Each structure stands twice: as C-alpha cells, then as structure tokens.
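This report concerns only the one structure given below.
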Amino acid sequence: MSETQQPPHHSTLSYPLAAPAALQPPEEWPDLRQRCPVAPVTLPSGDRAALLTRYADVRLALSDPRLSRDGLARPDAARITAGEAGSIFDSPMARALNAEGHDRWRRMVGKWFTAKRMRALVPRIEAMTDRLVDDMLEHGQPADLLRHLAFPLPVYVICDMLGVPESDRDDFKTWSDTFLNLTKYSAADMQAAHRDFGTYMAALVEEKRRDPQDDLISELITATDGEGRPMSDLALAATGQALLLAGHETTAGFITTMAAVLLADRERWERLLGDRSLIRSAVEEVLRYEPYTGFGMLRYVHEDTEVPSGTVLTRGTTVVCSMAAANRDADAFEGADDVDLARTPNPHLAFGAGPHSCLGQPLARTEMQTVLAVLLRRLPTLDLAVDPARLCRVEGLITTPLRELPVSW
C-alpha cells in the first residue's frame, strides 16, 4: 500500500470500525473516503490490512483478477482472527471448493439460481412467511421480528432447497454462529465445528444418493460439467455447507435491517403501502443504504495494483473491501446518505462484484421482496416498538446483525 496516505490523526485504525448507533454508519467513513481511501487497519487477529472505502476502489478490488480470495490461505495473508487453522478461508470446506475450480463450481451450482427457479419459489416462501406471521400474531405484541420471522425464514428456505430436515436447523445455527463469529470461539472450536458440519453434510449427500429427492443436493449428485465430470463427494458436502452459511445469517440480517430502515421513518412505510410497485426498488435501496453490512470482503493482492483513487496496493497486501462504505459514496450515488425508495439504477455492491459476487443473491432478493410484500399485506400498521436509537447489533460477528427488532402493529 502507498505510504503517502494516512488515516485521520495518522493512526492505524482498529477494524471493524464502531458505529454510533445500529442504523448509523461509522463516523470515520466520510473522512476516510475523502482523505485516506486506502487506510491501514488492524484486524482482530492483530494482523495489518488495507481498508478500501471508495466505490470505484472497492469495485475494482472485487473484480480485478490481480486481487483474489484464493490467496487468503497464504502464510503472509492477514487473518481476521487469531488461530490460522480455524480460518474459514483455509477450512476443509474452502479447500474442497477450491479443488473443484471456482469457475466450474459456480457454473454447476449457478444453474439452480435462475430467475425462473426463484419465481417458482415465491409461493412457498410466501406461505412460509404467512405461517411465521401467524405465529407472531399469536405470540402477541410487542414481538421480536428477528426471532419470529427474519431468523427462521432463511433457514426454512435454504433447508427446503437443499433437502435438509428442518429439525436440524438448530445444529446448523450453532455451526453458523461459530464460523461467523470473530472473537467468541477458539481455533479448536472452529476446527470442531468444521469437522462436525462436514460430517453432517457428507452423511446427507450419502442419504440423497440412496434416496434422491427434488432438491439441489440430489440434482448436483447427478449433474456434470461441460466435460461430463460430476462434482466430487467432498465438493458436494462443501457446497451444502457454503450455501447453508450464505443463505442463513446474512439473509436474516438483511430482512431485519430492511424492516428497521423502512419503519425508522414512517413516511417510507406509508409510501410503500400506497405503491406496492416500489417493493423491488425499495429492497435494492435498503441493500445499498444498510449502514453496516458487516466485515466486508477480503482480497489478497497478487501483484502491484493501482486503484482509481491513485494508491498502489503492493503485492502481498490483504485488502478489506467495505461494500457498505462504498455504497454511501456520494461520487457514485446522488444523495448517498438518503433513502430513495425509487432509486434506479442502483448499482450497489451489497453482494460484491466480479467473479466472487454472491452466488445466492437472487435467492436473497426473492426472500426480501416476498417478506416485504407479505408484511405490507398482513401488517399495514406495523411499527417499531422501540426508538430506533435503542436498537443494537450483535458484536463480534462478521455479518453484525441486529440483536433484536421489537415491533408492534
């Protein structure tokens, strides 16, 4: 990284950055984008990395092949947490997927995440959402929208897609929590979680091989690539792990924050009640506006690369791409700190960019749009049961979801 730029007050920042409130971004973002768009930071492990906060820099870092996720298992790459053996980038799951070849794996799995398949899922997601709303109404108000709806729904949906029994979702929550937590678990805990989760998924693959059903795992068992090669059993199990992780905690956080942002200003909710055609663009705007989408994406610099802000990222640097900060860049979005429910186009980076962008983003969008439509239909008087300033995020998780979202109706 170029030595000409320094963060405010010429100090190395500790990362992740703290935010003043759950629905507000870190106060350092504007200053960093203006004065130090490539800032040296210290990760929870104690390792140094470079934080990118400008839209153009982040987009390039996520898309340029000179920066990749593949190098994050190298000995000189910065670790998020102490205990390199527990790193998710060097886990058995990651090694199994890397062995398949990233492009080949995405082509085989990506066939499932088509617009047609997502549309076909809407009635089932809608029915699941209606049942969860029924349970929340029976519970009475105030109720925690996270616990009653936003958390269980993505688990139901992804388990349904993969053919994972719903009775196993509590085990998955424990594993997911371990993988995504930055400080709570030791390297031994993470190794045990990877082992147990891998054993579970391997058994599920064998079960689907004996008795295939109408689900993604069963389909992938018989699928082949362009050369007629099937996916290995290790990769099948790792695929289930990766999709369960990606389809659970992150989407639950998106749904919760979506409701919080829309209800924090009553005019936003009322506008949607008056014009349901805005649901799709409103979801995209919440994804852009979401003030703290978590840790961001890491990239390893394989050769010196100049980013649009003019800084040269030197070979061997680990880069933290803050998509959330980039999504508030006024050079990329007019009125970047305002919510515009009709904003279009909206080329936000909430799901990343380039070859490693989130494979499951069509599913996350479908879930968010469906949930919002059901809530507007079933609970038009939905409102926050607490002052937005009192909302809190779960510290120490890569995805930093809200701790709870008390609502009334």
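Each chain of the structure tokens is named A, B, ... in the order shown, its residues numbered from 1; ligands are numbered from 1 in display order.
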Return as a PDB file with C-alpha atoms, in the first residue's frame the full set of residues in range 53-229 of chain A whose backbone-based DSSP assignment is strand (DSSP E or B).
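Everything below was put into selection_26.pdb:
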ATOM      1  CA  LEU A  67      -6.673  -9.362  -6.306  1.00  0.00           C
ATOM      2  CA  SER A  68      -8.324 -12.614  -5.307  1.00  0.00           C
ATOM      3  CA  ALA A 143     -42.799  -9.199  19.253  1.00  0.00           C
ATOM      4  CA  ASP A 144     -39.250  -9.654  18.018  1.00  0.00           C
ATOM      5  CA  ASN A 181     -18.010 -15.055  14.987  1.00  0.00           C
ATOM      6  CA  THR A 224     -21.926 -32.976 -14.720  1.00  0.00           C
TER       7      THR A 224
END
Counting only C-alpha atoms, what is within 12 Å of Gly228 in chain A, bar same-chain residues fewer than 4 positions away, as an mmCIF file with N, CA, C and O atoms, in the first residue's frame?
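Generated file (result-v3.cif):
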data_model
loop_
_atom_site.group_PDB
_atom_site.id
_atom_site.type_symbol
_atom_site.label_atom_id
_atom_site.label_comp_id
_atom_site.auth_asym_id
_atom_site.auth_seq_id
_atom_site.Cartn_x
_atom_site.Cartn_y
_atom_site.Cartn_z
ATOM 1 N N ARG A 104 -15.760 -23.543 -12.512
ATOM 2 C CA ARG A 104 -16.526 -24.768 -12.767
ATOM 3 C C ARG A 104 -17.614 -24.954 -11.716
ATOM 4 O O ARG A 104 -18.766 -25.271 -12.031
ATOM 5 N N MET A 108 -21.827 -24.957 -12.264
ATOM 6 C CA MET A 108 -22.673 -26.102 -11.922
ATOM 7 C C MET A 108 -23.755 -25.721 -10.913
ATOM 8 O O MET A 108 -24.922 -26.074 -11.068
ATOM 9 N N THR A 222 -26.188 -35.870 -9.614
ATOM 10 C CA THR A 222 -26.260 -36.433 -10.970
ATOM 11 C C THR A 222 -25.777 -35.456 -12.032
ATOM 12 O O THR A 222 -25.646 -35.823 -13.196
ATOM 13 N N ALA A 223 -25.508 -34.196 -11.656
ATOM 14 C CA ALA A 223 -25.090 -33.191 -12.628
ATOM 15 C C ALA A 223 -23.634 -33.384 -13.035
ATOM 16 O O ALA A 223 -22.820 -33.933 -12.275
ATOM 17 N N THR A 224 -23.304 -32.945 -14.231
ATOM 18 C CA THR A 224 -21.926 -32.976 -14.720
ATOM 19 C C THR A 224 -21.591 -31.632 -15.357
ATOM 20 O O THR A 224 -22.477 -30.848 -15.698
#
What are the DSSP helix (DSSP H, G or I) residues of range 213-354 of chain A, as a ChimeraX atom specification? /A:216-222,233-246,249-264,266-274,276-289,323-326,354
Residues near Asp215 in chain A, anyone? I mean within 10 Å using only C-alpha atoms, not counting same-chain ones fewer than 4 positions away, as a list of chain:residue names.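 In the requested format, the answer is A:Trp112, A:Cys159, A:Asp160, A:Met161, A:Leu162, A:Gly163, A:Val164, A:Lys208, A:Glu219, A:Leu220.
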With N, CA and C atoms retained, write the just-selected residues as a CSV table (one decimal), in the first residue's frame.
chain,number,residue,atom,x,y,z
A,112,TRP,N,-28.9,-23.5,-10.7
A,112,TRP,CA,-30.1,-23.6,-9.8
A,112,TRP,C,-30.6,-22.2,-9.5
A,159,CYS,N,-33.0,-24.8,3.8
A,159,CYS,CA,-33.1,-26.3,4.1
A,159,CYS,C,-34.1,-26.9,3.1
A,160,ASP,N,-35.1,-26.3,2.8
A,160,ASP,CA,-36.0,-26.8,1.8
A,160,ASP,C,-35.4,-27.0,0.4
A,161,MET,N,-34.6,-26.0,0.0
A,161,MET,CA,-33.9,-26.1,-1.3
A,161,MET,C,-32.9,-27.3,-1.3
A,162,LEU,N,-32.1,-27.4,-0.2
A,162,LEU,CA,-31.1,-28.4,-0.1
A,162,LEU,C,-31.6,-29.8,0.3
A,163,GLY,N,-32.8,-29.9,0.8
A,163,GLY,CA,-33.3,-31.1,1.3
A,163,GLY,C,-32.8,-31.5,2.7
A,164,VAL,N,-32.5,-30.4,3.5
A,164,VAL,CA,-32.0,-30.6,4.9
A,164,VAL,C,-33.2,-30.6,5.8
A,208,LYS,N,-29.0,-38.7,0.1
A,208,LYS,CA,-29.6,-38.3,-1.1
A,208,LYS,C,-29.2,-39.2,-2.3
A,219,GLU,N,-29.9,-33.0,-7.2
A,219,GLU,CA,-29.6,-32.6,-8.5
A,219,GLU,C,-28.2,-32.6,-8.8
A,220,LEU,N,-27.4,-32.0,-7.9
A,220,LEU,CA,-26.0,-31.9,-8.1
A,220,LEU,C,-25.3,-33.2,-8.1
Need to verify the contact set: Leu13 in chain A, 9 Å, only C-alpha atoms, exclusion of same-chain residues closer than 2 positions in sequence. Can you return it as a PyMOL selection string? chain A and resi 7-8+11+15-17+39-43
Residues from last step as file, all heavy atoms, as a tab-separated table (two decimals), in the first residue's frame:
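So part_27.tsv came out as:
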chain	number	residue	atom	x	y	z
A	7	PRO	N	-4.49	7.42	7.72
A	7	PRO	CA	-5.83	7.64	8.23
A	7	PRO	C	-5.88	8.88	9.09
A	7	PRO	O	-4.84	9.44	9.46
A	7	PRO	CB	-6.09	6.38	9.07
A	7	PRO	CG	-4.74	5.91	9.46
A	7	PRO	CD	-3.84	6.26	8.32
A	8	PRO	N	-7.10	9.36	9.42
A	8	PRO	CA	-7.21	10.55	10.27
A	8	PRO	C	-6.37	10.39	11.54
A	8	PRO	O	-6.30	9.32	12.13
A	8	PRO	CB	-8.71	10.60	10.58
A	8	PRO	CG	-9.36	9.91	9.42
A	8	PRO	CD	-8.40	8.83	9.01
A	11	SER	N	-3.11	7.53	12.63
A	11	SER	CA	-3.08	6.31	13.45
A	11	SER	C	-3.65	5.16	12.65
A	11	SER	O	-4.40	5.34	11.70
A	11	SER	CB	-3.91	6.52	14.72
A	11	SER	OG	-5.25	6.78	14.39
A	15	TYR	N	-10.08	-2.46	13.21
A	15	TYR	CA	-11.20	-2.83	12.34
A	15	TYR	C	-11.80	-4.14	12.82
A	15	TYR	O	-11.05	-5.04	13.19
A	15	TYR	CB	-10.71	-2.98	10.89
A	15	TYR	CG	-11.83	-3.09	9.90
A	15	TYR	CD1	-12.51	-1.97	9.44
A	15	TYR	CD2	-12.26	-4.35	9.46
A	15	TYR	CE1	-13.56	-2.09	8.55
A	15	TYR	CE2	-13.31	-4.47	8.57
A	15	TYR	CZ	-13.96	-3.34	8.11
A	15	TYR	OH	-15.01	-3.45	7.24
A	16	PRO	N	-13.13	-4.28	12.84
A	16	PRO	CA	-14.16	-3.40	12.30
A	16	PRO	C	-14.30	-2.09	13.06
A	16	PRO	O	-13.99	-2.02	14.26
A	16	PRO	CB	-15.45	-4.23	12.45
A	16	PRO	CG	-15.01	-5.64	12.64
A	16	PRO	CD	-13.70	-5.56	13.33
A	17	LEU	N	-14.77	-1.06	12.35
A	17	LEU	CA	-14.99	0.24	12.96
A	17	LEU	C	-16.30	0.24	13.73
A	17	LEU	O	-17.28	-0.39	13.33
A	17	LEU	CB	-15.05	1.32	11.88
A	17	LEU	CG	-13.84	1.43	10.95
A	17	LEU	CD1	-14.09	2.49	9.89
A	17	LEU	CD2	-12.58	1.74	11.74
A	39	ALA	N	-6.78	2.81	3.74
A	39	ALA	CA	-6.30	3.09	5.10
A	39	ALA	C	-5.73	1.83	5.76
A	39	ALA	O	-6.34	0.76	5.70
A	39	ALA	CB	-7.45	3.62	5.96
A	40	PRO	N	-4.58	1.95	6.42
A	40	PRO	CA	-4.06	0.81	7.18
A	40	PRO	C	-4.94	0.55	8.40
A	40	PRO	O	-5.30	1.47	9.13
A	40	PRO	CB	-2.66	1.26	7.60
A	40	PRO	CG	-2.71	2.75	7.56
A	40	PRO	CD	-3.69	3.13	6.49
A	41	VAL	N	-5.30	-0.71	8.59
A	41	VAL	CA	-6.13	-1.09	9.74
A	41	VAL	C	-5.54	-2.33	10.40
A	41	VAL	O	-4.82	-3.11	9.77
A	41	VAL	CB	-7.59	-1.37	9.32
A	41	VAL	CG1	-8.27	-0.08	8.85
A	41	VAL	CG2	-7.67	-2.46	8.25
A	42	THR	N	-5.89	-2.50	11.66
A	42	THR	CA	-5.50	-3.69	12.41
A	42	THR	C	-6.74	-4.56	12.62
A	42	THR	O	-7.76	-4.08	13.12
A	42	THR	CB	-4.90	-3.33	13.77
A	42	THR	OG1	-3.76	-2.50	13.56
A	42	THR	CG2	-4.48	-4.57	14.54
A	43	LEU	N	-6.67	-5.82	12.22
A	43	LEU	CA	-7.79	-6.74	12.35
A	43	LEU	C	-7.82	-7.34	13.75
A	43	LEU	O	-6.86	-7.21	14.52
A	43	LEU	CB	-7.67	-7.84	11.29
A	43	LEU	CG	-7.54	-7.37	9.83
A	43	LEU	CD1	-7.52	-8.56	8.88
A	43	LEU	CD2	-8.66	-6.41	9.47
For CA of Glu249 in chain A and CA of Leu32 in chain A, the interatomic separation in Å (one decimal): 28.5 Å
Considering only C-alpha atoms, can you say which of A:Ala264, A:Ala252, A:Ala385, A:Ile80 comes closest to Leu149 in chain A? A:Ala252
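CA of Ala193 in chain A is found 6.9 Å from CA of Thr178 in chain A.
Of note, CA of Asp189 in chain A and CA of Phe151 in chain A are spaced 23.3 Å apart.
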Shell of 12 Å around Asp64 in chain A, only C-alpha atoms, local chain residues under 5 positions omitted, as a VMD selection string: chain A and resid 56 to 59 69 299 to 307 353 to 356
Please produce an output containing N, CA, C and O atoms for each residue in the selection, written as a PDB file, in the first residue's frame.
ATOM      1  N   ALA A  56     -15.351   3.247  -6.356  1.00  0.00           N
ATOM      2  CA  ALA A  56     -14.556   2.810  -7.502  1.00  0.00           C
ATOM      3  C   ALA A  56     -13.434   1.876  -7.079  1.00  0.00           C
ATOM      4  O   ALA A  56     -13.126   0.891  -7.775  1.00  0.00           O
ATOM      5  N   ASP A  57     -12.805   2.158  -5.940  1.00  0.00           N
ATOM      6  CA  ASP A  57     -11.717   1.298  -5.455  1.00  0.00           C
ATOM      7  C   ASP A  57     -12.239  -0.084  -5.075  1.00  0.00           C
ATOM      8  O   ASP A  57     -11.634  -1.111  -5.413  1.00  0.00           O
ATOM      9  N   VAL A  58     -13.342  -0.096  -4.350  1.00  0.00           N
ATOM     10  CA  VAL A  58     -13.907  -1.372  -3.901  1.00  0.00           C
ATOM     11  C   VAL A  58     -14.351  -2.205  -5.094  1.00  0.00           C
ATOM     12  O   VAL A  58     -14.084  -3.411  -5.162  1.00  0.00           O
ATOM     13  N   ARG A  59     -15.013  -1.582  -6.054  1.00  0.00           N
ATOM     14  CA  ARG A  59     -15.484  -2.327  -7.226  1.00  0.00           C
ATOM     15  C   ARG A  59     -14.313  -2.937  -7.995  1.00  0.00           C
ATOM     16  O   ARG A  59     -14.374  -4.096  -8.426  1.00  0.00           O
ATOM     17  N   ARG A  69      -9.529 -13.933  -3.735  1.00  0.00           N
ATOM     18  CA  ARG A  69      -9.786 -14.593  -2.461  1.00  0.00           C
ATOM     19  C   ARG A  69      -8.879 -15.806  -2.288  1.00  0.00           C
ATOM     20  O   ARG A  69      -8.643 -16.267  -1.165  1.00  0.00           O
ATOM     21  N   ARG A 299      -9.533  -9.514   0.097  1.00  0.00           N
ATOM     22  CA  ARG A 299      -8.825  -9.900  -1.121  1.00  0.00           C
ATOM     23  C   ARG A 299      -7.322  -9.855  -0.854  1.00  0.00           C
ATOM     24  O   ARG A 299      -6.836  -9.012  -0.100  1.00  0.00           O
ATOM     25  N   TYR A 300      -6.595 -10.745  -1.513  1.00  0.00           N
ATOM     26  CA  TYR A 300      -5.134 -10.800  -1.412  1.00  0.00           C
ATOM     27  C   TYR A 300      -4.554 -10.246  -2.706  1.00  0.00           C
ATOM     28  O   TYR A 300      -4.971 -10.631  -3.806  1.00  0.00           O
ATOM     29  N   VAL A 301      -3.596  -9.329  -2.595  1.00  0.00           N
ATOM     30  CA  VAL A 301      -3.013  -8.672  -3.762  1.00  0.00           C
ATOM     31  C   VAL A 301      -1.858  -9.530  -4.297  1.00  0.00           C
ATOM     32  O   VAL A 301      -0.832  -9.681  -3.635  1.00  0.00           O
ATOM     33  N   HIS A 302      -2.029 -10.064  -5.517  1.00  0.00           N
ATOM     34  CA  HIS A 302      -1.015 -10.944  -6.100  1.00  0.00           C
ATOM     35  C   HIS A 302       0.053 -10.175  -6.884  1.00  0.00           C
ATOM     36  O   HIS A 302       1.161 -10.693  -7.082  1.00  0.00           O
ATOM     37  N   GLU A 303      -0.271  -8.976  -7.357  1.00  0.00           N
ATOM     38  CA  GLU A 303       0.727  -8.119  -7.994  1.00  0.00           C
ATOM     39  C   GLU A 303       0.331  -6.664  -7.782  1.00  0.00           C
ATOM     40  O   GLU A 303      -0.846  -6.351  -7.591  1.00  0.00           O
ATOM     41  N   ASP A 304       1.324  -5.795  -7.788  1.00  0.00           N
ATOM     42  CA  ASP A 304       1.061  -4.385  -7.530  1.00  0.00           C
ATOM     43  C   ASP A 304      -0.077  -3.892  -8.415  1.00  0.00           C
ATOM     44  O   ASP A 304      -0.076  -4.118  -9.635  1.00  0.00           O
ATOM     45  N   THR A 305      -1.043  -3.212  -7.787  1.00  0.00           N
ATOM     46  CA  THR A 305      -2.240  -2.770  -8.497  1.00  0.00           C
ATOM     47  C   THR A 305      -2.607  -1.358  -8.056  1.00  0.00           C
ATOM     48  O   THR A 305      -2.756  -1.096  -6.859  1.00  0.00           O
ATOM     49  N   GLU A 306      -2.766  -0.458  -9.024  1.00  0.00           N
ATOM     50  CA  GLU A 306      -3.209   0.899  -8.706  1.00  0.00           C
ATOM     51  C   GLU A 306      -4.723   0.962  -8.755  1.00  0.00           C
ATOM     52  O   GLU A 306      -5.338   0.546  -9.739  1.00  0.00           O
ATOM     53  N   VAL A 307      -5.337   1.474  -7.698  1.00  0.00           N
ATOM     54  CA  VAL A 307      -6.790   1.628  -7.655  1.00  0.00           C
ATOM     55  C   VAL A 307      -7.146   3.032  -8.120  1.00  0.00           C
ATOM     56  O   VAL A 307      -6.289   3.915  -8.189  1.00  0.00           O
ATOM     57  N   ALA A 353     -18.995  -7.932  -6.249  1.00  0.00           N
ATOM     58  CA  ALA A 353     -18.907  -7.694  -7.685  1.00  0.00           C
ATOM     59  C   ALA A 353     -17.888  -8.660  -8.253  1.00  0.00           C
ATOM     60  O   ALA A 353     -17.053  -9.197  -7.526  1.00  0.00           O
ATOM     61  N   GLY A 354     -17.959  -8.892  -9.549  1.00  0.00           N
ATOM     62  CA  GLY A 354     -16.971  -9.747 -10.179  1.00  0.00           C
ATOM     63  C   GLY A 354     -17.239 -11.230  -9.990  1.00  0.00           C
ATOM     64  O   GLY A 354     -18.328 -11.633  -9.571  1.00  0.00           O
ATOM     65  N   PRO A 355     -16.225 -12.043 -10.256  1.00  0.00           N
ATOM     66  CA  PRO A 355     -16.413 -13.499 -10.269  1.00  0.00           C
ATOM     67  C   PRO A 355     -16.740 -14.109  -8.913  1.00  0.00           C
ATOM     68  O   PRO A 355     -17.239 -15.225  -8.851  1.00  0.00           O
ATOM     69  N   HIS A 356     -16.475 -13.388  -7.822  1.00  0.00           N
ATOM     70  CA  HIS A 356     -16.770 -13.922  -6.494  1.00  0.00           C
ATOM     71  C   HIS A 356     -17.986 -13.246  -5.860  1.00  0.00           C
ATOM     72  O   HIS A 356     -18.183 -13.339  -4.650  1.00  0.00           O
TER      73      HIS A 356
END
Close residues, Glu367 in chain A itself excluded, 10 Å, only C-alpha atoms, min 3 positions apart in chain, as number ranges by chain: A: 118, 121-122, 125-126, 129, 150, 153-154, 157, 251-252, 254-255, 361-364, 370-373
Could you check which of A:Asp103, A:Leu341, A:His248, A:Ala325 is closest to Leu262 in chain A, using only C-alpha atoms?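 Closest to Leu262 in chain A, using only C-alpha atoms: A:Leu341.
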Long-range neighbours of Arg365 in chain A as a short mmCIF file (atom, residue, chain, number, x, y, z; two decimals) with N, CA, C and O atoms, in the first residue's frame, 9 Å cut-off, only C-alpha atoms, 6 positions minimum in chain:
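Wrote it out as selection_0.cif, contents follow:
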data_model
loop_
_atom_site.label_atom_id
_atom_site.label_comp_id
_atom_site.auth_asym_id
_atom_site.auth_seq_id
_atom_site.Cartn_x
_atom_site.Cartn_y
_atom_site.Cartn_z
N THR A 251 -28.91 -13.37 5.12
CA THR A 251 -30.27 -13.02 4.70
C THR A 251 -31.13 -12.64 5.88
O THR A 251 -31.95 -11.72 5.80
N ARG A 280 -39.64 -3.77 -5.25
CA ARG A 280 -38.35 -4.23 -5.79
C ARG A 280 -37.27 -3.16 -5.61
O ARG A 280 -36.17 -3.46 -5.13
N VAL A 283 -36.23 -2.69 -1.92
CA VAL A 283 -35.30 -3.71 -1.43
C VAL A 283 -33.87 -3.38 -1.87
O VAL A 283 -32.92 -3.46 -1.07
N GLU A 284 -33.70 -2.98 -3.13
CA GLU A 284 -32.36 -2.63 -3.61
C GLU A 284 -31.81 -1.43 -2.86
O GLU A 284 -30.62 -1.37 -2.53
#
Rank A:Ala246, A:Asp329, A:Ala237, A:Arg378 by their smallest atom-to-atom distance to Asp31 in chain A, using only C-alpha atoms, and report the top residue only.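 Under the stated criterion, the closest residue is A:Asp329.
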With only C-alpha atoms as the atoms that count, which of A:Pro388, A:Gly240, A:Gly247, A:Pro401 lies nearest to Leu23 in chain A?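 So, comparing all the options, the nearest one is A:Pro388.
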